[in-house]
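Structure data follow from structure_39.csv (CSV, C-alpha atoms and all ligand atoms):
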chain,number,residue,atom,x,y,z
A,133,MET,CA,101.0,112.3,103.7
A,134,GLU,CA,101.9,114.1,100.4
A,135,ASN,CA,99.6,116.7,98.9
A,136,THR,CA,99.0,114.8,95.7
A,137,LEU,CA,97.9,111.8,97.7
A,138,GLN,CA,95.7,113.8,99.9
A,139,GLU,CA,93.9,115.2,96.8
A,140,LEU,CA,93.3,111.6,95.6
A,141,LEU,CA,92.2,109.8,98.8
A,142,ARG,CA,88.5,109.5,99.7
A,143,CYS,CA,86.9,107.8,102.7
A,144,PRO,CA,85.9,104.2,101.6
A,145,TYR,CA,82.8,104.4,103.8
A,146,ASP,CA,81.3,107.8,102.7
A,147,GLY,CA,83.4,109.2,99.9
A,148,THR,CA,84.4,112.4,101.7
A,149,LYS,CA,87.9,113.9,101.7
A,150,ILE,CA,90.5,112.7,104.2
A,151,ASN,CA,92.7,115.3,105.9
A,152,GLU,CA,96.4,115.2,106.7
A,153,LYS,CA,95.5,113.6,110.1
A,154,LEU,CA,93.8,110.8,108.2
A,155,ARG,CA,90.4,111.8,109.4
A,156,CYS,CA,87.4,112.0,107.0
A,157,GLU,CA,84.8,114.8,107.0
A,158,LYS,CA,82.3,112.5,108.7
A,159,GLY,CA,84.7,111.6,111.4
A,160,HIS,CA,86.2,108.2,110.4
A,161,GLU,CA,89.7,108.0,111.7
A,162,PHE,CA,92.3,106.1,109.8
A,163,SER,CA,96.0,105.4,110.5
A,164,GLU,CA,99.3,104.8,108.7
A,165,ASN,CA,102.4,102.9,109.5
A,166,GLN,CA,105.8,102.6,107.7
A,167,TYR,CA,104.3,100.3,105.1
A,168,PHE,CA,100.8,101.5,104.2
A,169,ILE,CA,97.9,103.8,104.9
A,170,ASN,CA,95.2,101.8,106.6
A,171,LEU,CA,91.7,102.6,105.4
A,172,LEU,CA,90.2,99.4,106.7
A,173,LEU,CA,88.5,99.8,110.1
A,174,GLN,CA,87.3,96.3,110.8
A,175,PRO,CA,89.5,93.2,111.1
A,176,ILE,CA,89.5,90.6,108.3
A,177,LYS,CA,90.2,86.9,108.1
A,178,LEU,CA,93.4,85.7,106.6
A,179,THR,CA,92.9,83.9,103.3
A,180,GLY,CA,94.8,81.1,101.6
A,181,LEU,CA,96.7,83.7,99.6
A,182,ASP,CA,98.2,85.1,102.8
A,183,ILE,CA,99.6,81.8,103.6
A,184,LEU,CA,101.3,81.7,100.2
A,185,ASN,CA,102.7,85.2,100.7
A,186,PRO,CA,106.4,84.2,100.9
A,187,ILE,CA,106.4,82.2,97.7
A,188,TYR,CA,103.5,83.8,95.7
A,189,GLU,CA,105.4,86.2,93.5
A,190,GLU,CA,108.5,84.1,92.8
A,191,LEU,CA,107.1,80.6,92.6
A,192,TRP,CA,103.3,80.1,92.9
A,193,ALA,CA,102.0,82.7,90.5
A,194,PRO,CA,104.6,82.2,87.7
A,195,ILE,CA,104.4,78.4,87.7
A,196,GLY,CA,100.6,78.3,88.1
A,197,PHE,CA,100.0,80.9,85.4
A,198,TYR,CA,102.4,79.2,82.9
A,199,ILE,CA,100.8,75.8,83.4
A,200,THR,CA,97.3,77.1,83.0
A,201,SER,CA,97.9,79.6,80.1
A,202,HIS,CA,101.2,78.8,78.3
A,203,ASN,CA,102.1,82.4,78.7
A,204,THR,CA,104.7,83.7,81.2
A,205,TYR,CA,103.5,85.6,84.3
A,206,SER,CA,106.0,88.4,83.6
A,207,SER,CA,104.9,88.8,79.9
A,208,VAL,CA,101.3,89.2,80.8
A,209,LEU,CA,102.0,91.6,83.7
A,210,LYS,CA,104.2,93.6,81.4
A,211,GLU,CA,101.4,93.8,78.8
A,212,VAL,CA,98.9,95.1,81.3
A,213,ALA,CA,101.4,97.6,82.7
A,214,ASN,CA,102.2,99.0,79.3
A,215,TYR,CA,98.6,99.5,78.6
A,216,VAL,CA,97.7,101.3,81.8
A,217,SER,CA,100.9,103.2,82.5
A,218,GLY,CA,100.4,107.0,83.1
A,219,GLU,CA,100.9,109.7,85.6
A,220,ILE,CA,98.6,108.3,88.3
A,221,VAL,CA,98.1,104.5,88.3
A,222,ALA,CA,96.3,102.2,90.7
A,223,ASP,CA,96.7,98.5,91.0
A,224,LEU,CA,93.8,96.7,92.7
A,225,GLY,CA,94.5,93.6,94.7
A,226,THR,CA,98.2,94.5,94.2
A,227,GLY,CA,99.6,91.8,96.6
A,228,SER,CA,103.4,92.3,96.6
A,229,GLY,CA,103.1,94.7,93.7
A,230,LYS,CA,105.0,92.8,91.1
A,231,ILE,CA,103.3,94.6,88.2
A,232,PHE,CA,105.0,97.9,89.3
A,233,ASP,CA,108.3,96.5,88.1
A,234,PHE,CA,106.9,97.0,84.6
A,235,MET,CA,104.7,100.1,85.2
A,236,LYS,CA,105.6,103.7,84.3
A,237,CYS,CA,103.9,106.0,86.8
A,238,LYS,CA,104.6,109.1,88.8
A,239,VAL,CA,102.1,108.4,91.5
A,240,CYS,CA,101.9,104.6,91.9
A,241,ILE,CA,99.2,103.3,94.2
A,242,GLY,CA,98.9,99.6,95.2
A,243,LEU,CA,95.7,98.7,97.0
A,244,ASP,CA,95.1,95.5,98.9
A,245,ARG,CA,93.3,94.2,102.0
A,246,SER,CA,96.2,92.1,103.2
A,247,GLU,CA,98.7,93.6,105.7
A,248,ASN,CA,101.2,90.9,104.9
A,249,TYR,CA,101.3,91.6,101.2
A,250,LEU,CA,101.4,95.4,101.7
A,251,LYS,CA,104.4,95.0,104.0
A,252,ARG,CA,106.1,93.0,101.3
A,253,LEU,CA,105.1,95.6,98.7
A,254,LYS,CA,106.7,98.4,100.5
A,255,THR,CA,109.8,96.4,101.3
A,256,LYS,CA,110.4,95.3,97.7
A,257,ARG,CA,109.0,98.4,95.9
A,258,PRO,CA,109.4,101.5,98.2
A,259,HIS,CA,108.2,103.9,95.5
A,260,VAL,CA,104.7,102.4,95.6
A,261,ILE,CA,102.1,103.9,98.0
A,262,GLY,CA,100.4,101.1,99.8
A,263,ILE,CA,96.7,101.5,100.7
A,264,ARG,CA,94.9,98.9,102.8
A,265,ALA,CA,91.2,98.8,101.9
A,266,ASP,CA,88.3,96.4,101.2
A,267,LEU,CA,88.0,96.7,97.4
A,268,SER,CA,84.7,94.9,97.3
A,269,GLU,CA,83.2,98.1,98.7
A,270,LYS,CA,84.0,101.7,97.6
A,271,ILE,CA,87.5,102.3,96.1
A,272,PRO,CA,89.0,105.0,98.3
A,273,LEU,CA,90.0,107.3,95.4
A,274,GLU,CA,88.5,110.5,94.0
A,275,ASP,CA,86.3,110.5,90.9
A,276,SER,CA,88.1,110.8,87.5
A,277,SER,CA,91.5,110.8,89.3
A,278,VAL,CA,93.6,108.0,87.7
A,279,ASP,CA,95.0,107.5,84.3
A,280,GLY,CA,95.2,103.8,84.5
A,281,THR,CA,94.0,100.9,86.7
A,282,SER,CA,95.3,97.4,86.6
A,283,MET,CA,93.7,94.3,88.2
A,284,THR,CA,95.5,91.1,87.5
A,285,PHE,CA,94.3,87.9,89.1
A,286,PHE,CA,91.8,89.9,91.2
A,287,LEU,CA,88.3,90.4,89.6
A,288,HIS,CA,87.3,86.8,89.5
A,289,MET,CA,87.7,86.6,93.3
A,290,LEU,CA,85.0,89.1,94.0
A,291,SER,CA,81.4,88.1,94.2
A,292,ASP,CA,80.0,91.4,92.9
A,293,LYS,CA,82.1,92.1,89.8
A,294,GLU,CA,79.8,94.7,88.4
A,295,LYS,CA,80.1,96.8,91.5
A,296,VAL,CA,83.9,97.0,91.4
A,297,LEU,CA,83.9,97.7,87.7
A,298,LYS,CA,81.5,100.7,88.2
A,299,GLU,CA,83.9,101.9,90.9
A,300,VAL,CA,86.9,101.6,88.6
A,301,TYR,CA,84.9,103.5,86.0
A,302,ARG,CA,84.2,106.3,88.5
A,303,ILE,CA,87.9,106.7,89.5
A,304,THR,CA,89.2,106.6,85.9
A,305,LYS,CA,89.9,109.9,84.1
A,306,PRO,CA,88.3,110.4,80.6
A,307,LYS,CA,90.4,108.4,78.1
A,308,GLY,CA,91.8,106.5,81.0
A,309,ARG,CA,92.5,102.8,80.8
A,310,VAL,CA,91.9,99.6,82.7
A,311,GLY,CA,93.7,96.3,82.1
A,312,ALA,CA,92.6,93.0,83.7
A,313,VAL,CA,93.7,89.4,83.8
A,314,VAL,CA,90.8,87.2,85.0
A,315,LEU,CA,90.1,83.6,85.5
A,316,ALA,CA,87.4,82.9,82.9
A,317,ASN,CA,85.2,80.0,82.1
A,318,ASN,CA,87.3,79.1,79.0
A,319,ASN,CA,88.2,75.5,79.4
A,320,LEU,CA,88.3,72.5,81.7
A,321,ILE,CA,91.2,73.8,83.7
A,322,SER,CA,89.4,77.1,84.5
A,323,ARG,CA,86.3,75.2,85.6
A,324,ILE,CA,88.5,73.0,87.9
A,325,LEU,CA,90.2,76.1,89.4
A,326,GLY,CA,86.9,77.9,89.8
A,327,SER,CA,85.4,75.0,91.7
A,328,VAL,CA,88.5,74.4,93.9
A,329,TRP,CA,88.5,78.1,94.8
A,330,LYS,CA,84.7,78.2,95.0
A,331,LEU,CA,84.4,81.0,92.6
A,332,ASP,CA,81.5,82.1,90.3
A,333,ILE,CA,83.6,82.5,87.1
A,334,LYS,CA,82.2,84.1,84.0
A,335,THR,CA,82.9,83.4,80.4
A,336,THR,CA,85.0,85.8,78.5
A,337,PRO,CA,82.0,87.4,76.6
A,338,GLU,CA,80.3,87.8,80.0
A,339,TYR,CA,83.3,89.7,81.4
A,340,VAL,CA,83.3,91.9,78.3
A,341,GLU,CA,79.6,92.6,78.9
A,342,LEU,CA,80.3,93.6,82.5
A,343,PHE,CA,83.0,96.1,81.4
A,344,LYS,CA,80.6,97.5,78.8
A,345,ARG,CA,77.8,97.8,81.4
A,346,ALA,CA,80.1,99.7,83.7
A,347,GLY,CA,80.6,102.2,80.9
A,348,PHE,CA,83.9,101.1,79.3
A,349,TYR,CA,84.7,100.6,75.7
A,350,VAL,CA,86.5,97.2,75.4
A,351,GLU,CA,89.5,97.4,73.1
A,352,ASP,CA,90.7,93.9,73.4
A,353,ALA,CA,89.7,90.6,75.1
A,354,ARG,CA,92.0,87.7,74.6
A,355,VAL,CA,91.8,84.1,75.9
A,356,MET,CA,95.0,82.7,77.3
A,357,GLY,CA,94.1,79.1,78.4
A,358,ALA,CA,92.2,79.4,81.7
A,359,TRP,CA,92.7,83.2,81.8
A,360,SER,CA,91.5,86.2,79.8
A,361,LEU,CA,93.2,89.5,79.2
A,362,ILE,CA,90.8,92.5,78.9
A,363,LYS,CA,91.8,96.0,77.9
A,364,ALA,CA,89.2,98.7,78.2
A,365,ARG,CA,89.0,102.5,78.0
A,366,LYS,CA,86.7,105.2,79.4
A,367,MET,CA,85.7,107.2,76.4
A,368,GLU,CA,84.6,110.5,78.0
A,401,ZN,ZN,84.3,108.5,106.5
Could I get this file's structure written as structure tokens?
Ligand SMILES: [Zn+2]
Amino acid sequence: MENTLQELLRCPYDGTKINEKLRCEKGHEFSENQYFINLLLQPIKLTGLDILNPIYEELWAPIGFYITSHNTYSSVLKEVANYVSGEIVADLGTGSGKIFDFMKCKVCIGLDRSENYLKRLKTKRPHVIGIRADLSEKIPLEDSSVDGTSMTFFLHMLSDKEKVLKEVYRITKPKGRVGAVVLANNNLISRILGSVWKLDIKTTPEYVELFKRAGFYVEDARVMGAWSLIKARKME
């Protein structure tokens, strides 16, 4: 494990530092393989998204997003990537890491809980550091350590959205940025998607409120069909 990375990583269970043998100060022992660092100790169930893995990036996401937003998948990823690019960037719920094709970063970290997607991430984008973690809990990164965080097609899937936004705020450097694309309760299509996926989806103003409550200054919130693009900054 590189030094920079070791400075950044924190135990997802207690927040203590993780040493070069991937052991935290309280004794949690983690592992790594050729694809990713595994900070998830308990097994998880596969989701529908895992089954879509082979076609998600090329087919499912671009077509689904275009139909429900009238914007292209690449153009929206590019916009978020441009906004959050910086020296150290984290992408939450990264999947196969498509957004990193548009991101400018020196330390590029993709976090996800799916082994299958992280394998695909490393195979397609070897410059990205893959970290396996449960992002509905503590984000395994140091306080004020990242310049930018992206979360595209991720936040609406979590039940406690406020908790993860507070975590994003914690890991963001002063003046750092976060860019999100979320399924929002904007129209009939979003309500249908929300009910099919059994999600509690918020309206765009409710999402903006959640970002503000976490401490962020919201610079932009734009409705794109069933989706909303939110850009926010940590002011101090
Ligand atoms: Zn620990």
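With atom CA of A:Ala222 on one side and atom CA of A:Gly357 on the other, the separation reads 26.3 Å.
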Enumerate, as a ChimeraX atom specification, the protein, DNA and RNA residues whose atoms approach (96.0, 98.7, 96.4) to within 8 Å, taking into account only C-alpha atoms and the coordinate frame of the file. /A:222-227,241-245,262-265
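By all atoms listed in the file, and with residues fewer than 5 positions from A:Lys307 along its chain excluded, the set lying at most 9 Å from it is Asp279, Arg365, Lys366, Met367 and Glu368 of chain A.
The residues sitting within 8 Å of ligand ZN 401 (chain A), with all atoms listed in the file considered, come out as Cys143, Pro144, Tyr145, Asp146, Gly147, Thr148, Ile150, Arg155, Cys156, Glu157, Lys158, Gly159, His160 and Glu161 of chain A.
Counting only C-alpha atoms, A:Thr335 has the following residues at most 12 Å away, ignoring those fewer than 2 positions along the same chain: His288, Val314, Leu315, Ala316, Asn317, Asn318, Asn319, Ser322, Arg323, Gly326, Asp332, Ile333, Pro337, Glu338, Tyr339, Val340, Glu341, Leu342, Ala353, Arg354, Val355, Ala358, Trp359 and Ser360 of chain A.
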